[in-house]
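**Student:** Supplied in structure tokens, the structure appears directly below.
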Protein chains: 4
Amino acid sequence: MTFVLPRYRQPDLLQKELAGAPDARTEPAPADGIAPENFHSTSMYPEYFKIGGEWRLAEKSRMDSSVVLRGDGTPAVVENRNLRRGDRVILGRTEKGEEGIYLHAHGFDESAAALSDQFVFRQGRSRETSYARDYDRLIELLRYEREHGKIVWVMGPAFAFDAGARKAMAALVEQGYCHALLAGNALATHDLEGALLHTALGQDISTQQSMPNGHYHHLDVCNKVRRCGSIPAFIGEYGLDDGILCACVKKQVPFVLAGSIRDDGPLPCVVGDVYRAQDAMRACVKKATTVICMATMLHAIAVGNMTPSFRVMKDKTVRKVYFYCVDIAEFTVNKLMDRGSLTSRGIVTNAQDFIVTLAKGLGLSW
Amino acid sequence: MTFVLPRYRQPDLLQKELAGAPDARTEPAPADGIAPENFHSTSMYPEYFKIGGEWRLAEKSRMDSSVVLRGDGTPAVVENRNLRRGDRVILGRTEKGEEGIYLHAHGFDESAAALSDQFVFRQGRSRETSYARDYDRLIELLRYEREHGKIVWVMGPAFAFDAGARKAMAALVEQGYCHALLAGNALATHDLEGALLHTALGQDISTQQSMPNGHYHHLDVCNKVRRCGSIPAFIGEYGLDDGILCACVKKQVPFVLAGSIRDDGPLPCVVGDVYRAQDAMRACVKKATTVICMATMLHAIAVGNMTPSFRVMKDKTVRKVYFYCVDIAEFTVNKLMDRGSLTSRGIVTNAQDFIVTLAKGLGLSW
Amino acid sequence: MTFVLPRYRQPDLLQKELAGAPDARTEPAPADGIAPENFHSTSMYPEYFKIGGEWRLAEKSRMDSSVVLRGDGTPAVVENRNLRRGDRVILGRTEKGEEGIYLHAHGFDESAAALSDQFVFRQGRSRETSYARDYDRLIELLRYEREHGKIVWVMGPAFAFDAGARKAMAALVEQGYCHALLAGNALATHDLEGALLHTALGQDISTQQSMPNGHYHHLDVCNKVRRCGSIPAFIGEYGLDDGILCACVKKQVPFVLAGSIRDDGPLPCVVGDVYRAQDAMRACVKKATTVICMATMLHAIAVGNMTPSFRVMKDKTVRKVYFYCVDIAEFTVNKLMDRGSLTSRGIVTNAQDFIVTLAKGLGLSW
Amino acid sequence: MTFVLPRYRQPDLLQKELAGAPDARTEPAPADGIAPENFHSTSMYPEYFKIGGEWRLAEKSRMDSSVVLRGDGTPAVVENRNLRRGDRVILGRTEKGEEGIYLHAHGFDESAAALSDQFVFRQGRSRETSYARDYDRLIELLRYEREHGKIVWVMGPAFAFDAGARKAMAALVEQGYCHALLAGNALATHDLEGALLHTALGQDISTQQSMPNGHYHHLDVCNKVRRCGSIPAFIGEYGLDDGILCACVKKQVPFVLAGSIRDDGPLPCVVGDVYRAQDAMRACVKKATTVICMATMLHAIAVGNMTPSFRVMKDKTVRKVYFYCVDIAEFTVNKLMDRGSLTSRGIVTNAQDFIVTLAKGLGLSW
């Protein structure tokens with residue numbers, strides 16, 4: 001079965017309410033990082049703004065941000081903290097055209113007929129949900145995205161604890177199924193510890209045997225990478241060729257490592273300022289057409305907040321963005337699914353098994 | 001890598017304390033189902049009893065049971081509820097020979113050298129534990145057991161909700177990797193609903209689509225099976241050939257379905273009296289050399305209680321019994337691991353992924 | 001704030017579709033425990049059946065059961081396993097009168113105005129849900145039910161592990177807040193072990209200290225109770241006066257202990273046949289107006305299946321039945337909440353804290 | 001029962017191995033933020049270093065850090081990222097004096113007699129653990145610490161979702177039971193939303209009712225606080241007097257709000273650089289004698305890493321530091337307990353119930 005992108009249905013902008021809607025009003029930001037009262041805040045859906053009598057789609061959107069009317073009439077989606085004094089911020093908290101703002105929530109809805117054989121939203125995902133079809137669909141999707149989209153992977157600190165998961169993920173990177181990777185200092189540290197010493201936190205990643213003084217392993221790895229000045233320099237100096245980050249460096253896949261308060265180290269390229277990290281992450285997400293979060297609540301929520309349900313392609317067509325959250329806890333998966341989008345999907349399982357099953361399903365070996 | 005059974009080290013029964021130990025004392029059970037005061041209760045380990053000056057191993061043991069001295073001098077392990085008035089019950093609550101009772105907890109311990117490349121007990125199994133080696137070892141073990149042992153599978157009510165898991169398990173049964181199956185009424189009902197209607201509780205087991213009036217599906221299946229009089233008769237009458245129970249019937253693999261207070265139906269062969277069900281389950285477990293519990297706390301605890309750490313083979317050699325508990329909740333896995341045996345192993349993941357990964361690792365296809 | 005029962009709105013049986021509906025059809029059960037094809041199966045809601053031209057409410061209902069037309073024209077809700085050959089079983093799988101069957105799902109719906117200050121259904125209960133109001137409401141409800149209703153408590157095996165929880169529950173029983181208790185062999189064994197030895201599974205229930213040979217404690221308790229012949233006889237012989245079962249015996253609160261395959265013992269009054277246990281449980285539930293399940297998935301599902309959303313009182317008024325599920329796992333709570341009733345409510349917390357908070361909120365001390 | 005601090009047993013530094021141990025060796029840090037090879041890394045226990053022939057205790061310690069020998073002969077515990085080029089870093093990875101380093105793991109161990117009536121370490125904390133004694137002990141401890149120690153509270157983003165939990169925590173702050181508060185941007189935002197609008201994420205914190213356009217609430221609160229320039233200014237301008245942060249501001253309790261990649265806003269005083277945030281948190285923790293983490297894995301791990309098992313008081317006595325982790329997930333609690341200290345204690349429950357029970361146990365009302 002081959003994957004077919006669902007078509008985006010443009011809103012009917014000529015319908016009476018929308019055609020007659022007023023232009024969106026703006027007010028200047030009173031100071032850097034401050035929105036005016038009654039600022040409009042974005043959702044994850046496509047939103048159109050009436051500007052100079054024309055409805056304009058805000059591209060590169062994300063949730064919970066303001067919309068700034070640029071000088072050229074473009075509506076730009078800007079986090080409040082990134083507003084600059086005097087930015088013309090769109091006002092209004094209605095969504096059906098009353099104030100020149102139109103939210104189009106159902107652009108990717110399937111017809112009833114299509115629904116039965118397409119990605120369908122299913123509520124209440126739990127350990128008891130059947131995931132057979134989800135794996136099949138995701139495999140089709142990744143094959144499609146490898147050629148036509150951008151796949152962004154997001155992973156939690158413990159993802160590299162298992163030798164099999166590391167190998168499966170490295171194979172996905174090497175075979176072109178990863179266009180960017182978002183993680184934190186711990187994931188990178190554990191993965192590089194695996195590459196240098198075949199351990200994670202001092203335990204063998206195959207046999208789980210604890211090594212003597214193994215609690216020094218990650219500290220030594222951090223220290224060595226810091227001394228080398230960068231992850232690629234460290235990989236080069238120690239001649240490493242194994243694991244997730246090695247694969248990324250080899251294939252020139254960009255990665256963003258965000259800092260957190262639990263970090264040792266940190267590794268050189270970790271972004272310690274979380275708001276700059278958000279900016280760097282969003283720069284990756286702005287290109288994403290599929291996002292897969294594994295074994296992390298913090299990063300999954302962060303990325304979920306900045307991932308819209310759609311992407312405007314170079315040819316100006318609008319396509320769906322797929323968002324997966326894989327976690328062993330229903331709590332995490334359901335928290336993410338509360339975003340409430342047709343394009344969000346949760347899988348309740350151990351991320352190790354997920355990634356190995358997925359990579360094998362794609363025909364990869366290692 | 002081929003699986004090699006660890007050797008059992010007999011206790012040194014000639015050592016001074018044991019050689020000079022008194023015979024074990026007994027007292028008659030005062031009534032059916034009642035043990036005398038100070039009755040000895042078994043553990044999961046091999047236990048030896050001094051009888052007529054000889055140390056005798058109690059074969060076919062289980063936890064938390066009395067030991068009855070049979071007329072022929074054999075020590076038999078009997079649940080208290082199954083004691084008969086006058087049974088000669090062994091007394092004593094010491095374990096080092098003082099009262100003619102010797103518990104041999106370390107018969108399968110590995111030498112330090114061997115430990116590094118053998119099944120090793122690892123504490124604190126969680127979602128973040130590396131399971132790569134566990135899968136490898138389990139695959140070797142199952143290949144061995146298929147030829148030389150008996151594999152008993154235990155599964156919870158929701159195991160049949162996923163099309164992939166059902167197929168993988170059916171393939172394992174058909175290829176000789178299952179010698180008995182222990183489950184409940186719900187598992188069987190859902191599996192047969194899948195065979196007849198391709199749904200579980202009215203949802204398609206591949207696509208999860210809800211069928212019109214699908215909540216009648218399992219009730220109709222129960223009713224039809226009850227009318228047919230047995231599961232094999234139902235399978236025959238409807239010409240079914242799909243799923244776990246069909247595979248068991250086809251390959252004549254015995255199964256015990258224990259009743260529970262949440263049951264609809266029940267299906268004809270379900271054992272509604274839980275103590276008779278325990279007896280039927282233990283009859284299967286008495287032959288088991290590997291037990292794998294998936295996605296059930298109730299059945300896993302029940303089977304855990306009746307599975308000893310060893311088995312006496314026909315040739316009188318003593319071998320290890322392997323016990324796995326696979327569950328998505330650390331709580332369940334750790335509860336079972338509290339049995340504290342080298343032979344117990346927990347895997348924290350979704351049972352669907354576990355079974356598919358395992359079956360593929362064994363080279364099965366479906 | 002005082003609790004006020006929501007009024008039941010009778011269905012408009014004179015409306016055209018219902019007034020003109022045909023009588024419900026029946027067919028005799030072909031054999032004991034077998035329903036005819038196309039049998040109607042009940043929901044948890046009030047259902048009316050057209051019998052001899054009159055709409056009759058099936059009282060004492062429960063989910064997933066057949067409806068038998070008694071000789072006096074009464075519709076009786078009977079589990080399929082309890083059907084007798086020749087019973088006139090109502091047929092039909094529509095619910096709006098087409099076949100003489102009418103399901104009244106919204107009899108207790110609040111008006112929009114009332115909703116804001118009443119028990120309101122809230123989706124997605126998790127550890128992050130605010131439960132302050134739920135406690136307040138439940139306290140009001142229990143005060144009301146103590147005088148006007150029947151409160152049935154359902155509890156899992158580990159509920160008696162904590163000294164505080166045992167005392168709080170015993171106080172609730174003694175002060176009239178418990179009209180029946182449903183549990184299993186393990187709960188009773190642990191509670192009586194607490195009463196006799198101040199331990200549970202050999203650990204002190206206050207300090208958690210492990211006692212020497214403490215693993216014999218529960219086995220000894222089982223054996224002693226079995227020798228005494230009954231729980232009250234055991235309590236009398238050993239002069240016990242502490243804990244949940246002592247309180248029940250003292251206050252003559254009925255309890256049903258259902259057997260399970262994980263049981264040791266069992267204690268004398270445990271119902272080993274799970275279908276007879278279901279019958280005994282339902283006999284209690286038929287009188288219940290509030291049901292509270294704590295720390296048990298098995299018993300909560302079992303009782304959830306047999307608890308309807310309404311009760312017909314002696315004066316023939318119809319009132320709401322409240323159903324709570326308290327568990328530390330979102331999975332369990334949400335599984336129960338899937339019953340989808342306005343009257344179901346989940347609380348995600350440790351049952352120990354729940355019961356202590358509740359008992360103190362009712363002004364009890366111990 | 002009154003709380004009594006366990007006495008610290010000094011190591012016997014005159015014993016042969018320690019008396020004859022060499023001075024600890026050092027090597028200069030080769031660059032800022034880089035440790036020399038073979039650097040010694042600290043544990044959470046008291047560690048002594050032989051310096052100029054004298055054993056010196058490193059005060060204000062924390063895990064996973066280097067030890068810098070200051071010019072005055074003081075050993076200072078410094079995170080590697082905070083090393084400055086030329087700092088004299090202690091080398092060595094043995095702990096029994098061989099290299100002038102002695103780790104004293106058992107300074108607070110109780111005698112066997114004392115153990116039975118003291119805080120005792122208990123393994124395997126789960127939902128089924130009895131917590132009655134833990135509450136009693138913690139209440140005693142907090143009474144003691146209010147007068148003699150410093151209590152640091154750490155809380156996760158959702159802690160302020162419940163009206164009862166907010167009030168209980170505010171009462172604890174106002175009554176002197178909180179000397180510092182560590183949390184993140186989200187906790188503060190939700191708490192201030194509660195103070196201004198009586199909602200959290202737009203839902204009433206008592207009734208859970210969703211407010212119209214409630215998803216704007218937290219964004220508006222962030223924007224207003226940012227406009228005001230600080231949390232105290234916001235509280236003043238809007239005349240707020242309710243909740244956790246209001247109580248802290250009123251009682252001049254210091255708080256550190258650490259940024260994270262999931263933040264909106266952020267609020268003005270949030271520390272966006274996570275390593276500066278770590279420094280600010282550790283400055284608080286350096287004074288702490290009891291630390292209580294609630295409903296957060298990220299912050300609990302972060303604080304756990306920087307909290308040693310001991311504190312050197314002004315009078316140079318060494319006392320125990322107590323560390324609690326309260327979470328609804330066994331996974332989180334056990335992860336923290338893996339620190340393996342006698343002084344660490346986990347409680348598996350909903351943090352709402354925990355804080356209310358605790359505050360009431362201390363006799364507070366609100």
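Ligands are numbered from 1 in the order shown, residues from 1 within each chain, and chains are lettered A, B, ... in the order they appear in the structure tokens.
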Name the residues in contact with His40 in chain B at a cut-off of 9 Å, using only C-alpha atoms, excluding same-chain residues fewer than 4 positions from it; report them as a list in words.
**Tutor:**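 Listed by chain and then number, they are Asp64, Ser65, Ser66, Val67, Val89, Ile90, Leu91, Gly92, Arg93, Thr94 and Ile101 of chain B; Tyr216 of chain C.
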**Student:** With N, CA and C atoms retained, export the selected residues as a PDB file, in the first residue's frame.
**Tutor:**
```
ATOM      1  N   ASP B  64       4.862 -21.628  49.066  1.00  0.00           N
ATOM      2  CA  ASP B  64       3.771 -21.441  50.031  1.00  0.00           C
ATOM      3  C   ASP B  64       2.866 -22.662  50.183  1.00  0.00           C
ATOM      4  N   SER B  65       3.465 -23.840  50.124  1.00  0.00           N
ATOM      5  CA  SER B  65       2.671 -25.053  50.297  1.00  0.00           C
ATOM      6  C   SER B  65       3.276 -25.920  51.396  1.00  0.00           C
ATOM      7  N   SER B  66       2.473 -26.850  51.887  1.00  0.00           N
ATOM      8  CA  SER B  66       2.961 -27.806  52.869  1.00  0.00           C
ATOM      9  C   SER B  66       3.647 -28.963  52.161  1.00  0.00           C
ATOM     10  N   VAL B  67       4.385 -29.738  52.958  1.00  0.00           N
ATOM     11  CA  VAL B  67       5.040 -30.931  52.428  1.00  0.00           C
ATOM     12  C   VAL B  67       4.483 -32.134  53.187  1.00  0.00           C
ATOM     13  N   VAL B  89       2.136 -34.078  57.717  1.00  0.00           N
ATOM     14  CA  VAL B  89       2.668 -32.789  57.281  1.00  0.00           C
ATOM     15  C   VAL B  89       3.987 -32.512  57.999  1.00  0.00           C
ATOM     16  N   ILE B  90       5.007 -32.154  57.237  1.00  0.00           N
ATOM     17  CA  ILE B  90       6.306 -31.867  57.829  1.00  0.00           C
ATOM     18  C   ILE B  90       6.273 -30.548  58.590  1.00  0.00           C
ATOM     19  N   LEU B  91       6.869 -30.545  59.767  1.00  0.00           N
ATOM     20  CA  LEU B  91       6.913 -29.356  60.619  1.00  0.00           C
ATOM     21  C   LEU B  91       8.302 -28.722  60.572  1.00  0.00           C
ATOM     22  N   GLY B  92       8.350 -27.457  60.938  1.00  0.00           N
ATOM     23  CA  GLY B  92       9.660 -26.825  61.073  1.00  0.00           C
ATOM     24  C   GLY B  92       9.832 -25.616  60.200  1.00  0.00           C
ATOM     25  N   ARG B  93      10.473 -24.584  60.764  1.00  0.00           N
ATOM     26  CA  ARG B  93      10.631 -23.330  60.049  1.00  0.00           C
ATOM     27  C   ARG B  93      12.084 -22.873  60.020  1.00  0.00           C
ATOM     28  N   THR B  94      12.972 -23.806  60.035  1.00  0.00           N
ATOM     29  CA  THR B  94      14.368 -23.494  59.813  1.00  0.00           C
ATOM     30  C   THR B  94      14.769 -24.166  58.509  1.00  0.00           C
ATOM     31  N   ILE B 101      15.376 -30.073  57.495  1.00  0.00           N
ATOM     32  CA  ILE B 101      14.922 -29.365  56.291  1.00  0.00           C
ATOM     33  C   ILE B 101      16.096 -28.553  55.759  1.00  0.00           C
TER      34      ILE B 101
ATOM     35  N   TYR C 216       5.608 -16.363  56.977  1.00  0.00           N
ATOM     36  CA  TYR C 216       4.636 -17.350  57.469  1.00  0.00           C
ATOM     37  C   TYR C 216       3.343 -16.695  57.969  1.00  0.00           C
TER      38      TYR C 216
END
```
**Student:** Give as a PyMOL selection string every residue of chain C that touches chain B within 7 Å, counting only C-alpha atoms.
**Tutor:** chain C and resi 34-35+80-81+223+226-227+259-262+265+272-275+277-278+298+301-302
**Student:** Can you tell me which residues surround Ser61 in chain B at a distance of at most 7 Å, considering only C-alpha atoms, apart from same-chain residues fewer than 2 positions away, and format the answer as a PyMOL selection string?
**Tutor:** chain B and resi 58-59+77+308
**Student:** Selection from above, all heavy atoms, as an mmCIF file, in the first residue's frame, can you write it?
**Tutor:**
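This went into selection_19.cif:
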```
data_model
loop_
_atom_site.group_PDB
_atom_site.id
_atom_site.type_symbol
_atom_site.label_atom_id
_atom_site.label_comp_id
_atom_site.auth_asym_id
_atom_site.auth_seq_id
_atom_site.Cartn_x
_atom_site.Cartn_y
_atom_site.Cartn_z
ATOM 1 N N ALA B 58 12.225 -32.601 47.393
ATOM 2 C CA ALA B 58 10.797 -32.540 47.053
ATOM 3 C C ALA B 58 10.677 -32.080 45.607
ATOM 4 O O ALA B 58 10.991 -30.935 45.290
ATOM 5 C CB ALA B 58 10.066 -31.587 47.982
ATOM 6 N N GLU B 59 10.269 -32.982 44.752
ATOM 7 C CA GLU B 59 10.100 -32.645 43.333
ATOM 8 C C GLU B 59 8.767 -31.927 43.131
ATOM 9 O O GLU B 59 7.946 -31.880 44.017
ATOM 10 C CB GLU B 59 10.153 -33.928 42.494
ATOM 11 C CG GLU B 59 11.442 -34.716 42.735
ATOM 12 C CD GLU B 59 11.578 -35.916 41.802
ATOM 13 O OE1 GLU B 59 10.698 -36.095 40.938
ATOM 14 O OE2 GLU B 59 12.570 -36.650 41.950
ATOM 15 N N VAL B 77 4.606 -31.942 47.658
ATOM 16 C CA VAL B 77 4.288 -30.538 47.919
ATOM 17 C C VAL B 77 2.805 -30.313 47.637
ATOM 18 O O VAL B 77 2.355 -30.434 46.503
ATOM 19 C CB VAL B 77 5.164 -29.628 47.042
ATOM 20 C CG1 VAL B 77 4.787 -28.171 47.251
ATOM 21 C CG2 VAL B 77 6.644 -29.866 47.371
ATOM 22 N N PRO B 308 8.254 -23.296 40.461
ATOM 23 C CA PRO B 308 9.505 -23.364 41.220
ATOM 24 C C PRO B 308 10.677 -22.959 40.325
ATOM 25 O O PRO B 308 10.526 -22.798 39.113
ATOM 26 C CB PRO B 308 9.589 -24.838 41.587
ATOM 27 C CG PRO B 308 8.876 -25.538 40.482
ATOM 28 C CD PRO B 308 7.808 -24.603 39.977
#
```
**Student:** Write out as a PDB file with all heavy atoms, in the first residue's frame each polymer residue whose atoms come within 9 Å of Val173 in chain A, counting only C-alpha atoms; drop sequence neighbours fewer than 5 positions from it.
**Tutor:**
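And here is the file that came out, out_1.pdb:
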```
ATOM      1  N   ALA A 168      19.452   0.740  15.492  1.00  0.00           N
ATOM      2  CA  ALA A 168      18.306   0.963  14.610  1.00  0.00           C
ATOM      3  C   ALA A 168      18.214   2.437  14.231  1.00  0.00           C
ATOM      4  O   ALA A 168      17.994   2.782  13.062  1.00  0.00           O
ATOM      5  CB  ALA A 168      17.025   0.506  15.298  1.00  0.00           C
ATOM      6  N   CYS A 178      16.168  10.578   8.386  1.00  0.00           N
ATOM      7  CA  CYS A 178      16.240  11.581   9.452  1.00  0.00           C
ATOM      8  C   CYS A 178      16.825  12.868   8.888  1.00  0.00           C
ATOM      9  O   CYS A 178      17.959  12.874   8.407  1.00  0.00           O
ATOM     10  CB  CYS A 178      17.106  11.048  10.595  1.00  0.00           C
ATOM     11  SG  CYS A 178      17.453  12.260  11.876  1.00  0.00           S
ATOM     12  N   HIS A 179      16.050  13.945   8.999  1.00  0.00           N
ATOM     13  CA  HIS A 179      16.510  15.224   8.462  1.00  0.00           C
ATOM     14  C   HIS A 179      16.910  16.201   9.553  1.00  0.00           C
ATOM     15  O   HIS A 179      17.522  17.225   9.264  1.00  0.00           O
ATOM     16  CB  HIS A 179      15.431  15.815   7.553  1.00  0.00           C
ATOM     17  CG  HIS A 179      15.091  14.905   6.407  1.00  0.00           C
ATOM     18  ND1 HIS A 179      14.071  13.983   6.495  1.00  0.00           N
ATOM     19  CD2 HIS A 179      15.671  14.714   5.203  1.00  0.00           C
ATOM     20  CE1 HIS A 179      14.011  13.282   5.353  1.00  0.00           C
ATOM     21  NE2 HIS A 179      14.980  13.705   4.559  1.00  0.00           N
ATOM     22  N   ILE A 244      24.175   7.111  17.218  1.00  0.00           N
ATOM     23  CA  ILE A 244      23.257   8.080  16.630  1.00  0.00           C
ATOM     24  C   ILE A 244      23.988   9.344  16.195  1.00  0.00           C
ATOM     25  O   ILE A 244      23.833   9.814  15.069  1.00  0.00           O
ATOM     26  CB  ILE A 244      22.148   8.422  17.653  1.00  0.00           C
ATOM     27  CG1 ILE A 244      21.388   7.135  18.025  1.00  0.00           C
ATOM     28  CG2 ILE A 244      21.208   9.458  17.089  1.00  0.00           C
ATOM     29  CD1 ILE A 244      20.511   7.271  19.255  1.00  0.00           C
ATOM     30  N   ALA A 247      26.338   8.914  13.275  1.00  0.00           N
ATOM     31  CA  ALA A 247      25.586   8.857  12.018  1.00  0.00           C
ATOM     32  C   ALA A 247      25.164  10.245  11.565  1.00  0.00           C
ATOM     33  O   ALA A 247      25.250  10.589  10.378  1.00  0.00           O
ATOM     34  CB  ALA A 247      24.373   7.942  12.174  1.00  0.00           C
ATOM     35  N   CYS A 248      24.718  11.057  12.498  1.00  0.00           N
ATOM     36  CA  CYS A 248      24.299  12.419  12.140  1.00  0.00           C
ATOM     37  C   CYS A 248      25.469  13.223  11.583  1.00  0.00           C
ATOM     38  O   CYS A 248      25.331  13.933  10.581  1.00  0.00           O
ATOM     39  CB  CYS A 248      23.708  13.141  13.353  1.00  0.00           C
ATOM     40  SG  CYS A 248      22.071  12.564  13.813  1.00  0.00           S
ATOM     41  N   LYS A 251      26.418  11.941   8.114  1.00  0.00           N
ATOM     42  CA  LYS A 251      25.445  12.268   7.071  1.00  0.00           C
ATOM     43  C   LYS A 251      25.073  13.749   7.078  1.00  0.00           C
ATOM     44  O   LYS A 251      24.162  14.148   6.352  1.00  0.00           O
ATOM     45  CB  LYS A 251      24.171  11.441   7.266  1.00  0.00           C
ATOM     46  CG  LYS A 251      24.371   9.948   7.280  1.00  0.00           C
ATOM     47  CD  LYS A 251      24.921   9.413   5.981  1.00  0.00           C
ATOM     48  CE  LYS A 251      23.848   9.369   4.893  1.00  0.00           C
ATOM     49  NZ  LYS A 251      24.360   8.695   3.672  1.00  0.00           N
ATOM     50  N   VAL A 253      23.468  15.477   9.164  1.00  0.00           N
ATOM     51  CA  VAL A 253      22.115  15.747   9.644  1.00  0.00           C
ATOM     52  C   VAL A 253      22.212  16.726  10.802  1.00  0.00           C
ATOM     53  O   VAL A 253      22.940  16.480  11.761  1.00  0.00           O
ATOM     54  CB  VAL A 253      21.438  14.442  10.113  1.00  0.00           C
ATOM     55  CG1 VAL A 253      20.138  14.733  10.846  1.00  0.00           C
ATOM     56  CG2 VAL A 253      21.209  13.511   8.933  1.00  0.00           C
TER      57      VAL A 253
END
```
**Student:** Rounded to one decimal in Å, what is the spacing between CA of Ala280 in chain C and CA of Met63 in chain C?
**Tutor:**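 Answer for the CA of Ala280 in chain C to CA of Met63 in chain C separation: 16.3 Å.
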**Student:** Could you please determine the separation between CA of Thr290 in chain B and CA of Arg311 in chain B in Å, to one decimal place?
**Tutor:**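 Rounded to one decimal, the two atoms are 10.1 Å apart.
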**Student:** Could you go through range 80-284 of chain B and tell me which residues DSSP, when run on the backbone, assigns to alpha helix (DSSP H), listing them as a PyMOL selection string?
**Tutor:** chain B and resi 112-115+132-148+163-174+185-197+217-228+231-238+244-250+274-284
**Student:** As a PyMOL selection string, please: every residue in range 161-357 of chain C that DSSP puts in strand (DSSP E).
**Tutor:** chain C and resi 180-184+199-200+203-204+255-258+290-294+310-312+318-320+322-327+344-348
**Student:** For a quick check of understanding, using only C-alpha atoms, which of C:Arg25, C:His104, C:Arg9, C:Arg127 has the smallest distance to Met44 in chain C?
**Tutor:**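 Residue with the minimum atom-to-atom distance to Met44 in chain C: C:His104.
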**Student:** One decimal, in Å: what's the spacing between CA of Glu174 in chain D and CA of Phe310 in chain D?
**Tutor:** 26.9 Å
**Student:** For range 142-155 of chain A, list every protein, DNA or RNA residue within 9 Å, evaluated using only C-alpha atoms, and leave out those in the same chain fewer than 4 positions away; present the list as a VMD selection string.
**Tutor:** chain A and resid 2 to 4 137 to 138 159 175 to 184 187 284 to 285 287 to 296 299 to 300 303 362
**Student:** Which polymer residues have any atom within 9 Å of an atom of Cys228 in chain C, counting only C-alpha atoms, with same-chain residues fewer than 6 positions away left out, as a short mmCIF file (atom, residue, chain, number, x, y, z; two decimals) with N, CA and C atoms, in the first residue's frame?
**Tutor:**
```
data_model
loop_
_atom_site.label_atom_id
_atom_site.label_comp_id
_atom_site.auth_asym_id
_atom_site.auth_seq_id
_atom_site.Cartn_x
_atom_site.Cartn_y
_atom_site.Cartn_z
N PHE C 234 -13.07 -16.82 64.06
CA PHE C 234 -11.65 -16.48 64.25
C PHE C 234 -11.51 -15.20 65.08
N GLU C 237 -12.43 -16.08 68.65
CA GLU C 237 -11.46 -16.93 69.34
C GLU C 237 -10.21 -16.16 69.72
N PRO C 268 -12.38 -19.24 54.83
CA PRO C 268 -13.60 -20.06 54.73
C PRO C 268 -14.72 -19.46 53.89
#
```
**Student:** Ranking C:Gly71, C:Gly124, C:Gly243, C:Gly97 by minimum distance to Ala165 in chain C and counting only C-alpha atoms, which one comes first?
**Tutor:** C:Gly243
**Student:** In terms of the shortest atom-to-atom distance over only C-alpha atoms, which of A:Met313, A:Leu5, A:Arg345, A:Asn185 is closest to Glu140 in chain A?
**Tutor:** A:Leu5
